[in-house]
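Data file: protein.tsv. Format and content: TSV, N, CA and C atoms.
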chain	number	residue	atom	x	y	z
A	1215	MET	N	15.84	20.93	18.80
A	1215	MET	CA	15.90	22.10	19.66
A	1215	MET	C	15.06	23.23	19.06
A	1216	SER	N	14.61	24.07	19.91
A	1216	SER	CA	13.77	25.18	19.51
A	1216	SER	C	14.56	26.23	18.73
A	1217	ALA	N	13.88	26.87	17.82
A	1217	ALA	CA	14.51	27.94	17.04
A	1217	ALA	C	14.91	29.11	17.95
A	1218	TYR	N	14.15	29.29	19.03
A	1218	TYR	CA	14.48	30.36	19.98
A	1218	TYR	C	15.80	30.08	20.69
A	1219	LEU	N	16.04	28.83	21.03
A	1219	LEU	CA	17.31	28.48	21.67
A	1219	LEU	C	18.48	28.70	20.73
A	1220	TRP	N	18.30	28.32	19.46
A	1220	TRP	CA	19.36	28.53	18.47
A	1220	TRP	C	19.63	30.03	18.29
A	1221	ALA	N	18.57	30.81	18.25
A	1221	ALA	CA	18.72	32.26	18.09
A	1221	ALA	C	19.43	32.87	19.30
A	1222	ALA	N	19.09	32.39	20.49
A	1222	ALA	CA	19.75	32.88	21.70
A	1222	ALA	C	21.22	32.48	21.71
A	1223	TYR	N	21.51	31.26	21.30
A	1223	TYR	CA	22.89	30.79	21.25
A	1223	TYR	C	23.69	31.61	20.24
A	1224	ALA	N	23.09	31.89	19.10
A	1224	ALA	CA	23.76	32.72	18.08
A	1224	ALA	C	23.98	34.13	18.61
A	1225	ALA	N	23.01	34.67	19.33
A	1225	ALA	CA	23.14	36.01	19.89
A	1225	ALA	C	24.27	36.09	20.91
A	1226	VAL	N	24.41	35.05	21.73
A	1226	VAL	CA	25.51	35.01	22.70
A	1226	VAL	C	26.84	35.01	21.97
A	1227	ASN	N	26.96	34.21	20.94
A	1227	ASN	CA	28.21	34.16	20.19
A	1227	ASN	C	28.53	35.48	19.50
A	1228	VAL	N	27.52	36.14	18.97
A	1228	VAL	CA	27.73	37.46	18.35
A	1228	VAL	C	28.15	38.48	19.41
A	1229	ALA	N	27.53	38.42	20.58
A	1229	ALA	CA	27.89	39.33	21.67
A	1229	ALA	C	29.34	39.13	22.09
A	1230	VAL	N	29.78	37.88	22.15
A	1230	VAL	CA	31.17	37.60	22.52
A	1230	VAL	C	32.12	38.11	21.43
A	1231	LEU	N	31.75	37.93	20.18
A	1231	LEU	CA	32.55	38.46	19.08
A	1231	LEU	C	32.70	39.97	19.21
A	1232	VAL	N	31.61	40.65	19.53
A	1232	VAL	CA	31.65	42.10	19.71
A	1232	VAL	C	32.53	42.47	20.90
A	1233	MET	N	32.45	41.69	21.99
A	1233	MET	CA	33.31	41.95	23.15
A	1233	MET	C	34.78	41.92	22.78
A	1234	TYR	N	35.17	40.92	22.01
A	1234	TYR	CA	36.57	40.81	21.59
A	1234	TYR	C	36.95	41.99	20.69
A	1235	GLY	N	36.04	42.41	19.82
A	1235	GLY	CA	36.31	43.55	18.96
A	1235	GLY	C	36.47	44.84	19.74
A	1236	ILE	N	35.60	45.05	20.72
A	1236	ILE	CA	35.69	46.25	21.55
A	1236	ILE	C	36.99	46.26	22.34
A	1237	ASP	N	37.37	45.12	22.89
A	1237	ASP	CA	38.61	45.06	23.66
A	1237	ASP	C	39.82	45.34	22.77
A	1238	LYS	N	39.81	44.84	21.55
A	1238	LYS	CA	40.90	45.12	20.62
A	1238	LYS	C	40.94	46.61	20.28
A	1239	PHE	N	39.79	47.20	20.03
A	1239	PHE	CA	39.71	48.63	19.75
A	1239	PHE	C	40.27	49.44	20.91
A	1240	ARG	N	39.88	49.05	22.13
A	1240	ARG	CA	40.37	49.76	23.31
A	1240	ARG	C	41.87	49.56	23.50
A	1241	SER	N	42.38	48.40	23.15
A	1241	SER	CA	43.82	48.17	23.31
A	1241	SER	C	44.61	49.06	22.36
A	1242	LYS	N	44.10	49.27	21.16
A	1242	LYS	CA	44.79	50.14	20.21
A	1242	LYS	C	44.76	51.60	20.67
A	1243	ARG	N	43.72	51.99	21.38
A	1243	ARG	CA	43.56	53.37	21.84
A	1243	ARG	C	44.13	53.57	23.25
A	1244	ARG	N	44.72	52.51	23.80
A	1244	ARG	CA	45.29	52.56	25.16
A	1244	ARG	C	44.25	53.01	26.18
A	1245	ARG	N	43.08	52.40	26.09
A	1245	ARG	CA	41.99	52.70	27.00
A	1245	ARG	C	41.79	51.55	27.97
A	1246	ARG	N	40.84	51.74	28.87
A	1246	ARG	CA	40.51	50.71	29.85
A	1246	ARG	C	40.05	49.44	29.14
A	1247	ARG	N	40.62	48.31	29.54
A	1247	ARG	CA	40.39	47.04	28.85
A	1247	ARG	C	39.47	46.12	29.63
A	1248	THR	N	38.99	45.11	28.94
A	1248	THR	CA	38.20	44.06	29.57
A	1248	THR	C	39.16	43.06	30.20
A	1249	ARG	N	38.85	42.60	31.38
A	1249	ARG	CA	39.72	41.62	32.05
A	1249	ARG	C	39.79	40.33	31.25
A	1250	GLU	N	40.95	39.69	31.30
A	1250	GLU	CA	41.12	38.43	30.59
A	1250	GLU	C	40.17	37.36	31.12
A	1251	ARG	N	39.95	37.36	32.41
A	1251	ARG	CA	39.05	36.35	32.98
A	1251	ARG	C	37.62	36.56	32.49
A	1252	THR	N	37.23	37.81	32.25
A	1252	THR	CA	35.91	38.10	31.70
A	1252	THR	C	35.81	37.61	30.26
A	1253	LEU	N	36.85	37.85	29.48
A	1253	LEU	CA	36.86	37.38	28.10
A	1253	LEU	C	36.83	35.85	28.05
A	1254	LEU	N	37.55	35.20	28.95
A	1254	LEU	CA	37.54	33.73	28.98
A	1254	LEU	C	36.19	33.19	29.42
A	1255	ALA	N	35.55	33.84	30.38
A	1255	ALA	CA	34.22	33.40	30.80
A	1255	ALA	C	33.22	33.57	29.66
A	1256	ALA	N	33.35	34.67	28.92
A	1256	ALA	CA	32.49	34.87	27.76
A	1256	ALA	C	32.78	33.81	26.70
A	1257	ALA	N	34.03	33.45	26.54
A	1257	ALA	CA	34.41	32.42	25.58
A	1257	ALA	C	33.82	31.07	25.96
A	1258	LEU	N	33.68	30.82	27.24
A	1258	LEU	CA	33.06	29.57	27.68
A	1258	LEU	C	31.59	29.54	27.29
A	1259	ALA	N	30.94	30.68	27.32
A	1259	ALA	CA	29.52	30.76	26.95
A	1259	ALA	C	29.33	30.79	25.44
A	1260	GLY	N	30.23	31.46	24.73
A	1260	GLY	CA	30.10	31.60	23.28
A	1260	GLY	C	31.43	31.39	22.58
A	1261	PRO	N	31.89	30.15	22.52
A	1261	PRO	CA	33.24	29.91	21.98
A	1261	PRO	C	33.38	30.18	20.48
A	1262	PHE	N	32.31	30.06	19.73
A	1262	PHE	CA	32.40	30.31	18.30
A	1262	PHE	C	32.64	31.80	18.04
A	1263	GLY	N	31.96	32.65	18.78
A	1263	GLY	CA	32.18	34.08	18.67
A	1263	GLY	C	33.55	34.49	19.16
A	1264	ALA	N	34.02	33.84	20.23
A	1264	ALA	CA	35.34	34.14	20.76
A	1264	ALA	C	36.43	33.78	19.77
A	1265	LEU	N	36.33	32.59	19.19
A	1265	LEU	CA	37.35	32.18	18.24
A	1265	LEU	C	37.30	33.06	16.99
A	1266	ALA	N	36.11	33.41	16.55
A	1266	ALA	CA	35.99	34.31	15.40
A	1266	ALA	C	36.59	35.67	15.72
A	1267	GLY	N	36.36	36.17	16.93
A	1267	GLY	CA	36.93	37.45	17.35
A	1267	GLY	C	38.44	37.40	17.43
A	1268	MET	N	38.95	36.29	17.94
A	1268	MET	CA	40.40	36.14	18.02
A	1268	MET	C	41.03	36.15	16.63
A	1269	ARG	N	40.41	35.47	15.71
A	1269	ARG	CA	40.95	35.40	14.35
A	1269	ARG	C	40.73	36.69	13.57
A	1270	LEU	N	39.51	37.20	13.64
A	1270	LEU	CA	39.15	38.38	12.86
A	1270	LEU	C	39.93	39.61	13.29
A	1271	PHE	N	40.04	39.81	14.61
A	1271	PHE	CA	40.70	41.01	15.13
A	1271	PHE	C	42.16	40.76	15.50
A	1272	ARG	N	42.62	39.53	15.32
A	1272	ARG	CA	43.98	39.14	15.73
A	1272	ARG	C	44.23	39.57	17.17
A	1273	HIS	N	43.34	39.10	18.03
A	1273	HIS	CA	43.34	39.54	19.42
A	1273	HIS	C	43.48	38.34	20.35
A	1274	LYS	N	44.40	38.45	21.28
A	1274	LYS	CA	44.64	37.43	22.31
A	1274	LYS	C	45.11	36.10	21.70
A	1275	THR	N	45.72	36.14	20.55
A	1275	THR	CA	46.14	34.90	19.90
A	1275	THR	C	47.46	34.38	20.46
A	1276	ARG	N	48.23	35.24	21.08
A	1276	ARG	CA	49.51	34.80	21.64
A	1276	ARG	C	49.44	34.43	23.12
A	1277	LYS	N	48.33	34.71	23.75
A	1277	LYS	CA	48.18	34.41	25.18
A	1277	LYS	C	47.90	32.93	25.38
A	1278	THR	N	48.67	32.31	26.23
A	1278	THR	CA	48.54	30.88	26.49
A	1278	THR	C	47.17	30.52	27.04
A	1279	LYS	N	46.62	31.36	27.89
A	1279	LYS	CA	45.31	31.08	28.49
A	1279	LYS	C	44.24	30.90	27.43
A	1280	PHE	N	44.37	31.63	26.34
A	1280	PHE	CA	43.33	31.63	25.32
A	1280	PHE	C	43.42	30.43	24.38
A	1281	LEU	N	44.36	29.55	24.62
A	1281	LEU	CA	44.38	28.28	23.91
A	1281	LEU	C	43.21	27.40	24.35
A	1282	ALA	N	42.57	27.80	25.44
A	1282	ALA	CA	41.40	27.06	25.93
A	1282	ALA	C	40.17	27.30	25.06
A	1283	VAL	N	40.16	28.36	24.29
A	1283	VAL	CA	38.97	28.69	23.49
A	1283	VAL	C	38.61	27.57	22.51
A	1284	PRO	N	39.56	27.01	21.75
A	1284	PRO	CA	39.19	25.87	20.90
A	1284	PRO	C	38.69	24.66	21.69
A	1285	VAL	N	39.19	24.49	22.90
A	1285	VAL	CA	38.72	23.40	23.76
A	1285	VAL	C	37.26	23.65	24.15
A	1286	PHE	N	36.94	24.91	24.49
A	1286	PHE	CA	35.55	25.26	24.80
A	1286	PHE	C	34.65	24.97	23.60
A	1287	MET	N	35.17	25.29	22.40
A	1287	MET	CA	34.39	25.06	21.19
A	1287	MET	C	34.15	23.57	20.98
A	1288	ALA	N	35.17	22.78	21.22
A	1288	ALA	CA	35.02	21.33	21.08
A	1288	ALA	C	33.99	20.79	22.07
A	1289	LEU	N	34.01	21.30	23.30
A	1289	LEU	CA	33.02	20.88	24.29
A	1289	LEU	C	31.60	21.24	23.84
A	1290	HIS	N	31.45	22.41	23.29
A	1290	HIS	CA	30.13	22.82	22.80
A	1290	HIS	C	29.68	21.93	21.65
A	1291	LEU	N	30.60	21.58	20.77
A	1291	LEU	CA	30.25	20.71	19.65
A	1291	LEU	C	29.82	19.34	20.15
A	1292	VAL	N	30.50	18.81	21.15
A	1292	VAL	CA	30.13	17.52	21.73
A	1292	VAL	C	28.73	17.59	22.34
A	1293	ILE	N	28.45	18.67	23.04
A	1293	ILE	CA	27.13	18.83	23.65
A	1293	ILE	C	26.05	18.96	22.58
A	1294	ILE	N	26.32	19.74	21.54
A	1294	ILE	CA	25.34	19.93	20.47
A	1294	ILE	C	25.06	18.61	19.75
A	1295	VAL	N	26.11	17.86	19.44
A	1295	VAL	CA	25.94	16.58	18.75
A	1295	VAL	C	25.19	15.61	19.65
A	1296	SER	N	25.51	15.60	20.93
A	1296	SER	CA	24.82	14.66	21.84
A	1296	SER	C	23.34	15.01	21.99
A	1297	LEU	N	22.99	16.28	21.84
A	1297	LEU	CA	21.58	16.65	21.91
A	1297	LEU	C	20.80	16.15	20.70
A	1298	PHE	N	21.47	16.00	19.58
A	1298	PHE	CA	20.80	15.53	18.38
A	1298	PHE	C	20.73	14.01	18.30
A	1299	LEU	N	21.52	13.32	19.07
A	1299	LEU	CA	21.53	11.86	19.01
A	1299	LEU	C	20.56	11.23	19.97
Hey, can you dump this file as structure tokens for me?
Amino acid sequence: MSAYLWAAYAAVNVAVLVMYGIDKFRSKRRRRRTRERTLLAAALAGPFGALAGMRLFRHKTRKTKFLAVPVFMALHLVIIVSLFL
């Protein structure tokens, strides 16, 4: 795969990590929050950043819906491995 694709994929994951951090910051300040469906859609695009955000910021870890994030990560890993084979 191209280095540009890897850089873009890494950028998406970093952006998702930042989204989770901003939402956690806003939740502590009782401000307007990001919708859960938006966070989940972002997690589908960048599951590594989402899982890192969940762990790092201790955010959305108790929500049942967000148990899908590791599943998204597993799907991405399967796709990445299949691209190399």
Could you tell me how far atom C of Val1283 (chain A) lies from atom C of Pro1261 (chain A), in Å and to one decimal? 6.2 Å
A straight line from atom C of Tyr1223 (chain A) to atom N of Arg1246 (chain A) spans 27.8 Å
Pull the neighbourhood of (28.3, 36.4, 22.6) for me: all residues within 8 Å in file coordinates, counting all atoms listed in the file, as a PyMOL selection string. chain A and resi 1223-1233+1256-1257+1259-1264
For Tyr1234 (chain A), which residue out of A:His1273, A:Arg1249, A:Leu1258, A:Leu1297 is the nearest one, using all atoms listed in the file?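 The shortest atom-to-atom distance to Tyr1234 (chain A) comes from A:His1273.
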When you draw a straight line from CA of Ala1288 (chain A) to atom N of Leu1253 (chain A), how long is it in Å?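 According to the coordinates, CA of Ala1288 (chain A) and atom N of Leu1253 (chain A) are separated by 18.6 Å.
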Using only C-alpha atoms, which of A:Leu1299, A:Ile1294, A:Leu1254, A:Met1268 sits nearest Leu1219 (chain A)?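 Closest to Leu1219 (chain A), using only C-alpha atoms: A:Ile1294.
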Helix (DSSP H, G or I) residues, from DSSP on the backbone, in chain A, as a VMD selection string: chain A and resid 1217 to 1242 1250 to 1259 1261 to 1271 1278 to 1298
Write out as a PDB file with N, CA and C atoms, in the frame of the given file each polymer residue whose atoms come within 10 Å of Arg1272 (chain A), counting only C-alpha atoms; drop sequence neighbours fewer than 6 positions from it.
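Output (part.pdb):
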ATOM      1  N   TYR A1234      35.170  40.920  22.010  1.00  0.00           N
ATOM      2  CA  TYR A1234      36.570  40.810  21.590  1.00  0.00           C
ATOM      3  C   TYR A1234      36.950  41.990  20.690  1.00  0.00           C
ATOM      4  N   GLY A1235      36.040  42.410  19.820  1.00  0.00           N
ATOM      5  CA  GLY A1235      36.310  43.550  18.960  1.00  0.00           C
ATOM      6  C   GLY A1235      36.470  44.840  19.740  1.00  0.00           C
ATOM      7  N   LYS A1238      39.810  44.840  21.550  1.00  0.00           N
ATOM      8  CA  LYS A1238      40.900  45.120  20.620  1.00  0.00           C
ATOM      9  C   LYS A1238      40.940  46.610  20.280  1.00  0.00           C
ATOM     10  N   LEU A1265      36.330  32.590  19.190  1.00  0.00           N
ATOM     11  CA  LEU A1265      37.350  32.180  18.240  1.00  0.00           C
ATOM     12  C   LEU A1265      37.300  33.060  16.990  1.00  0.00           C
ATOM     13  N   ALA A1266      36.110  33.410  16.550  1.00  0.00           N
ATOM     14  CA  ALA A1266      35.990  34.310  15.400  1.00  0.00           C
ATOM     15  C   ALA A1266      36.590  35.670  15.720  1.00  0.00           C
TER      16      ALA A1266
END
